[in-house]
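Participant: Mind looking over this structure? Questions follow.
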Amino acid sequence: MTQFRYTGTAQALHWLAALLIFCGFGLGLFMTGLEITPDKLRYYGWHKWLGITVFLLAAIRLAWRAGHPAPPLPAIMPAWQIRASRAAHAMLYVLMLAIPLSGWIYSSATGVSVVYLGLVPLPDLVPKDRETAKTLLLLHLSLNSLLAAVVTIHIAAALRHHFVDGDDVLARMLPGR
Amino acid sequence: MRLFGPFIPSLAMLLLASSGVGAQTVLIDKSEIRFISRQMGVNIEGRFRKWKANVDFRPKDLRKSKAEFEIDLSSIDLASEETETEVMRPRWFDTARFPVATFHSTAMKDLGGDRYEIAGKLTVKGRVLDEKIPIEVKRDAAGNSVATGEFTIKRLAFDVGNGQWADPTVVADEVVVRVRMVLPRAG
């Protein structure tokens, strides 16, 4: 019998990533408008740590998924929905990797190294340059807008599957008996 | 190349410039004054875009040698315009009252092996402190003398970053200053 739910590991990684993405995204929105204070610097530090963690989780999830394929989708799902679902998930993975990376490169371009959890210094990916930094910030913000859109669709689709279509799609990602 | 607004030299620099017998012209474009500050354990690199130097370096006659610098603090290059604006405020450099930082050498010592120690007075935000800058002098391919030095200053001793910014766990007290001065080959 094929397992209809994701493995416990895959579920834990999914929900942890979801939580961290929400925190990182919210903190990012909140911190940028603040007056510069020591607290603001702390928030930037935490935001970067959250981002790097999301990046690591995405890499771990891809590795896990390679050995543990996703459970099947309902047989009655229309082909366009399956295609849309694949595209959306591919995009989520790309963004989970690309957004932290764009933030890290942006930080390098501003001349501020990233030190993960205040312990692990990450290499500077580009030399400090004001114009590069501006472009990278714009990229980081654009990718985040895209993420917000895809996550909205992701959540809306999951809720629709559960409450409208009445299928197992959302339940696959929830702990079972 | 960036364009800079007019920079008003201080009276001291004018006097120095007019009395600069034997003074060498520092090749400003090849030279730099950079610094590394630590913010919550993270190195932040910065530099000053505008500064002046009046250097008369005579390895064989250190008594007659001198090194004078005047740094336009508002020319600071930091991580962002926001942080640059912040450090001009009274809590930090207070550039409205103290637009420049200066260094005047008082003595030079030969440490052997093309290394020297320049002792002098560093003035920042109206506070004057003795600093010692170890330098190493080498020649580049064009025959210019290239002096590089690194020294650490304590920002709190100059009252730079007070109040909520005084906490050294947020912004470290120590700031590493890296100087690279290129002097043209002697005529």
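Letters for chains follow the order of the structure tokens (A, B, ...), residue numbers begin at 1 for each chain, and ligand numbers begin at 1 in the order shown.
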For chain B, work out the contacting residues on chain A at 10 Å, counting only C-alpha atoms, and write them as a list of chain:residue names.

Facilitator: A:Glu35, A:Ile36, A:Thr37, A:Pro38, A:Asp39, A:Leu41, A:Arg42, A:Gly45, A:Ser107, A:Ser108, A:Ala109, A:Thr110, A:Gly111, A:Val112, A:Ser113, A:Val114, A:Val115, A:Tyr116, A:Leu117, A:Gly118, A:Leu119, A:Pro121, A:Lys128, A:Asp129, A:Arg130, A:Ala133, A:Lys134

Participant: Write out as number ranges by chain the residues lying within 12 Å of Ile21 (chain A), counting only C-alpha atoms and excluding same-chain residues fewer than 6 positions away.

Facilitator: A: 13-15, 27-28, 47-55, 57-58, 92, 95-97, 99-100, 144, 147-148, 151

Participant: Could you give me the residues within region 65-112 of chain A that DSSP places in alpha helix (DSSP H), as number ranges by chain?

Facilitator: A: 65-67, 79-109

Participant: Using N, CA and C atoms, can you write the selected residues to a file as an mmCIF file, in the first residue's frame?

Facilitator:
```cif
data_model
loop_
_atom_site.group_PDB
_atom_site.id
_atom_site.type_symbol
_atom_site.label_atom_id
_atom_site.label_comp_id
_atom_site.auth_asym_id
_atom_site.auth_seq_id
_atom_site.Cartn_x
_atom_site.Cartn_y
_atom_site.Cartn_z
ATOM 1 N N ARG A 65 13.638 14.637 -0.250
ATOM 2 C CA ARG A 65 12.632 14.344 -1.256
ATOM 3 C C ARG A 65 13.184 13.420 -2.356
ATOM 4 N N ALA A 66 14.480 13.580 -2.628
ATOM 5 C CA ALA A 66 15.114 12.723 -3.646
ATOM 6 C C ALA A 66 14.995 11.249 -3.260
ATOM 7 N N GLY A 67 15.058 10.975 -1.946
ATOM 8 C CA GLY A 67 14.955 9.584 -1.489
ATOM 9 C C GLY A 67 13.548 9.180 -1.072
ATOM 10 N N ALA A 79 -5.677 17.652 -14.973
ATOM 11 C CA ALA A 79 -4.274 17.746 -15.405
ATOM 12 C C ALA A 79 -3.715 19.152 -15.208
ATOM 13 N N TRP A 80 -4.543 20.174 -15.457
ATOM 14 C CA TRP A 80 -4.032 21.552 -15.315
ATOM 15 C C TRP A 80 -3.659 21.850 -13.878
ATOM 16 N N GLN A 81 -4.411 21.256 -12.937
ATOM 17 C CA GLN A 81 -4.115 21.485 -11.513
ATOM 18 C C GLN A 81 -2.799 20.808 -11.131
ATOM 19 N N ILE A 82 -2.595 19.621 -11.717
ATOM 20 C CA ILE A 82 -1.346 18.906 -11.420
ATOM 21 C C ILE A 82 -0.161 19.705 -11.953
ATOM 22 N N ARG A 83 -0.332 20.204 -13.183
ATOM 23 C CA ARG A 83 0.755 21.017 -13.762
ATOM 24 C C ARG A 83 0.996 22.278 -12.929
ATOM 25 N N ALA A 84 -0.094 22.936 -12.548
ATOM 26 C CA ALA A 84 0.025 24.159 -11.746
ATOM 27 C C ALA A 84 0.690 23.857 -10.410
ATOM 28 N N SER A 85 0.314 22.729 -9.812
ATOM 29 C CA SER A 85 0.873 22.346 -8.523
ATOM 30 C C SER A 85 2.376 22.092 -8.637
ATOM 31 N N ARG A 86 2.764 21.376 -9.706
ATOM 32 C CA ARG A 86 4.204 21.110 -9.895
ATOM 33 C C ARG A 86 4.964 22.423 -10.069
ATOM 34 N N ALA A 87 4.409 23.310 -10.893
ATOM 35 C CA ALA A 87 5.079 24.590 -11.158
ATOM 36 C C ALA A 87 5.212 25.395 -9.868
ATOM 37 N N ALA A 88 4.118 25.431 -9.082
ATOM 38 C CA ALA A 88 4.138 26.218 -7.844
ATOM 39 C C ALA A 88 5.168 25.658 -6.864
ATOM 40 N N HIS A 89 5.223 24.315 -6.741
ATOM 41 C CA HIS A 89 6.183 23.729 -5.815
ATOM 42 C C HIS A 89 7.619 23.943 -6.271
ATOM 43 N N ALA A 90 7.828 23.818 -7.589
ATOM 44 C CA ALA A 90 9.177 24.079 -8.115
ATOM 45 C C ALA A 90 9.580 25.509 -7.786
ATOM 46 N N MET A 91 8.629 26.433 -7.959
ATOM 47 C CA MET A 91 8.911 27.836 -7.696
ATOM 48 C C MET A 91 9.206 28.082 -6.217
ATOM 49 N N LEU A 92 8.453 27.412 -5.352
ATOM 50 C CA LEU A 92 8.694 27.579 -3.915
ATOM 51 C C LEU A 92 10.116 27.145 -3.553
ATOM 52 N N TYR A 93 10.533 26.018 -4.104
ATOM 53 C CA TYR A 93 11.905 25.560 -3.820
ATOM 54 C C TYR A 93 12.942 26.538 -4.356
ATOM 55 N N VAL A 94 12.725 26.979 -5.594
ATOM 56 C CA VAL A 94 13.677 27.937 -6.186
ATOM 57 C C VAL A 94 13.755 29.195 -5.311
ATOM 58 N N LEU A 95 12.581 29.687 -4.881
ATOM 59 C CA LEU A 95 12.567 30.916 -4.091
ATOM 60 C C LEU A 95 13.172 30.714 -2.701
ATOM 61 N N MET A 96 12.940 29.533 -2.106
ATOM 62 C CA MET A 96 13.520 29.275 -0.778
ATOM 63 C C MET A 96 15.042 29.273 -0.829
ATOM 64 N N LEU A 97 15.584 28.951 -1.999
ATOM 65 C CA LEU A 97 17.042 28.994 -2.159
ATOM 66 C C LEU A 97 17.495 30.378 -2.628
ATOM 67 N N ALA A 98 16.747 30.939 -3.587
ATOM 68 C CA ALA A 98 17.185 32.193 -4.227
ATOM 69 C C ALA A 98 17.035 33.402 -3.308
ATOM 70 N N ILE A 99 15.983 33.426 -2.488
ATOM 71 C CA ILE A 99 15.756 34.617 -1.656
ATOM 72 C C ILE A 99 16.852 34.775 -0.591
ATOM 73 N N PRO A 100 17.150 33.725 0.180
ATOM 74 C CA PRO A 100 18.257 33.896 1.131
ATOM 75 C C PRO A 100 19.576 34.234 0.427
ATOM 76 N N LEU A 101 19.784 33.603 -0.714
ATOM 77 C CA LEU A 101 21.016 33.850 -1.462
ATOM 78 C C LEU A 101 21.089 35.323 -1.905
ATOM 79 N N SER A 102 19.963 35.852 -2.392
ATOM 80 C CA SER A 102 19.960 37.255 -2.835
ATOM 81 C C SER A 102 20.204 38.189 -1.649
ATOM 82 N N GLY A 103 19.670 37.800 -0.478
ATOM 83 C CA GLY A 103 19.892 38.607 0.720
ATOM 84 C C GLY A 103 21.352 38.572 1.148
ATOM 85 N N TRP A 104 21.929 37.399 1.074
ATOM 86 C CA TRP A 104 23.343 37.218 1.445
ATOM 87 C C TRP A 104 24.242 38.029 0.505
ATOM 88 N N ILE A 105 23.982 37.951 -0.806
ATOM 89 C CA ILE A 105 24.798 38.711 -1.763
ATOM 90 C C ILE A 105 24.602 40.206 -1.528
ATOM 91 N N TYR A 106 23.342 40.591 -1.249
ATOM 92 C CA TYR A 106 23.054 42.005 -0.975
ATOM 93 C C TYR A 106 23.864 42.483 0.225
ATOM 94 N N SER A 107 23.864 41.657 1.280
ATOM 95 C CA SER A 107 24.603 42.011 2.486
ATOM 96 C C SER A 107 26.094 42.182 2.163
ATOM 97 N N SER A 108 26.627 41.265 1.356
ATOM 98 C CA SER A 108 28.039 41.384 0.946
ATOM 99 C C SER A 108 28.271 42.700 0.212
ATOM 100 N N ALA A 109 27.341 43.048 -0.679
ATOM 101 C CA ALA A 109 27.503 44.261 -1.488
ATOM 102 C C ALA A 109 27.454 45.526 -0.636
#
```

Participant: Between B:Met181, B:Leu156, B:Ala101, B:Val87, which residue has the minimum interatomic distance to Glu70 (chain B), considering only C-alpha atoms?

Facilitator: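 Ranked by minimum distance to Glu70 (chain B), first place goes to B:Ala101.
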
Participant: Could you pull out the residues in region 40-148 of chain A that DSSP calls strand (DSSP E or B) from the backbone, as number ranges by chain?

Facilitator: A: 112, 115-116, 120-121

Participant: Save the residues we just selected, C-alpha atoms, as a PDB file, in the first residue's frame?

Facilitator:
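Resulting contents of again_19.pdb:
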```pdb
ATOM      1  CA  VAL A 112      28.386  43.737   5.841  1.00  0.00           C
ATOM      2  CA  VAL A 115      27.889  35.596  10.357  1.00  0.00           C
ATOM      3  CA  TYR A 116      25.394  32.768  10.750  1.00  0.00           C
ATOM      4  CA  VAL A 120      29.834  30.979  11.448  1.00  0.00           C
ATOM      5  CA  PRO A 121      31.268  33.669   9.175  1.00  0.00           C
TER       6      PRO A 121
END
```

Participant: Return the single residue from A:Val164, A:Pro175, A:Gln3, A:Lys40 that is closest to Leu73 (chain A), with distances computed using only C-alpha atoms.

Facilitator: A:Gln3

Participant: By how many Å are CA of Ile135 (chain B) and CA of Ser74 (chain B) apart?

Facilitator: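 According to the coordinates, CA of Ile135 (chain B) and CA of Ser74 (chain B) are separated by 25.9 Å.
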
Participant: Quick check, in Å to one decimal: how far apart do CA of Ser75 (chain B) and CA of Arg47 (chain B) lie?

Facilitator: 8.4 Å

Participant: When you look at Glu150 (chain B) with a cut-off of 9 Å (counting only C-alpha atoms), what residues show up, excluding the ones that are within fewer than 6 positions of it in the same chain? I need them as a ChimeraX atom specification.

Facilitator: /B:133-135,176-180

Participant: Please identify all polymer residues within 7 Å of Lys125 (chain B), counting only C-alpha atoms, omitting same-chain residues fewer than 5 positions from it, and present them as a list of chain:residue names.

Facilitator: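 Surrounding residues, per the criterion: B:Phe93, B:Phe98, B:Phe158.
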
Participant: Restricting the output to N, CA and C atoms, write the selected residues as a PDB file, in the first residue's frame.

Facilitator:
```pdb
ATOM      1  N   PHE B  93      29.906  61.103  15.235  1.00  0.00           N
ATOM      2  CA  PHE B  93      30.976  62.057  14.936  1.00  0.00           C
ATOM      3  C   PHE B  93      30.576  63.505  15.203  1.00  0.00           C
ATOM      4  N   PHE B  98      32.165  68.996  14.548  1.00  0.00           N
ATOM      5  CA  PHE B  98      33.529  68.483  14.323  1.00  0.00           C
ATOM      6  C   PHE B  98      33.617  67.843  12.946  1.00  0.00           C
ATOM      7  N   PHE B 158      36.817  58.445  22.160  1.00  0.00           N
ATOM      8  CA  PHE B 158      36.561  59.695  21.425  1.00  0.00           C
ATOM      9  C   PHE B 158      35.087  60.086  21.508  1.00  0.00           C
TER      10      PHE B 158
END
```

Participant: Could you please determine the separation between CA of Val150 (chain A) and CA of Gln11 (chain A) in Å, to one decimal place?

Facilitator: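 Between these atoms lies a distance of 19.2 Å.
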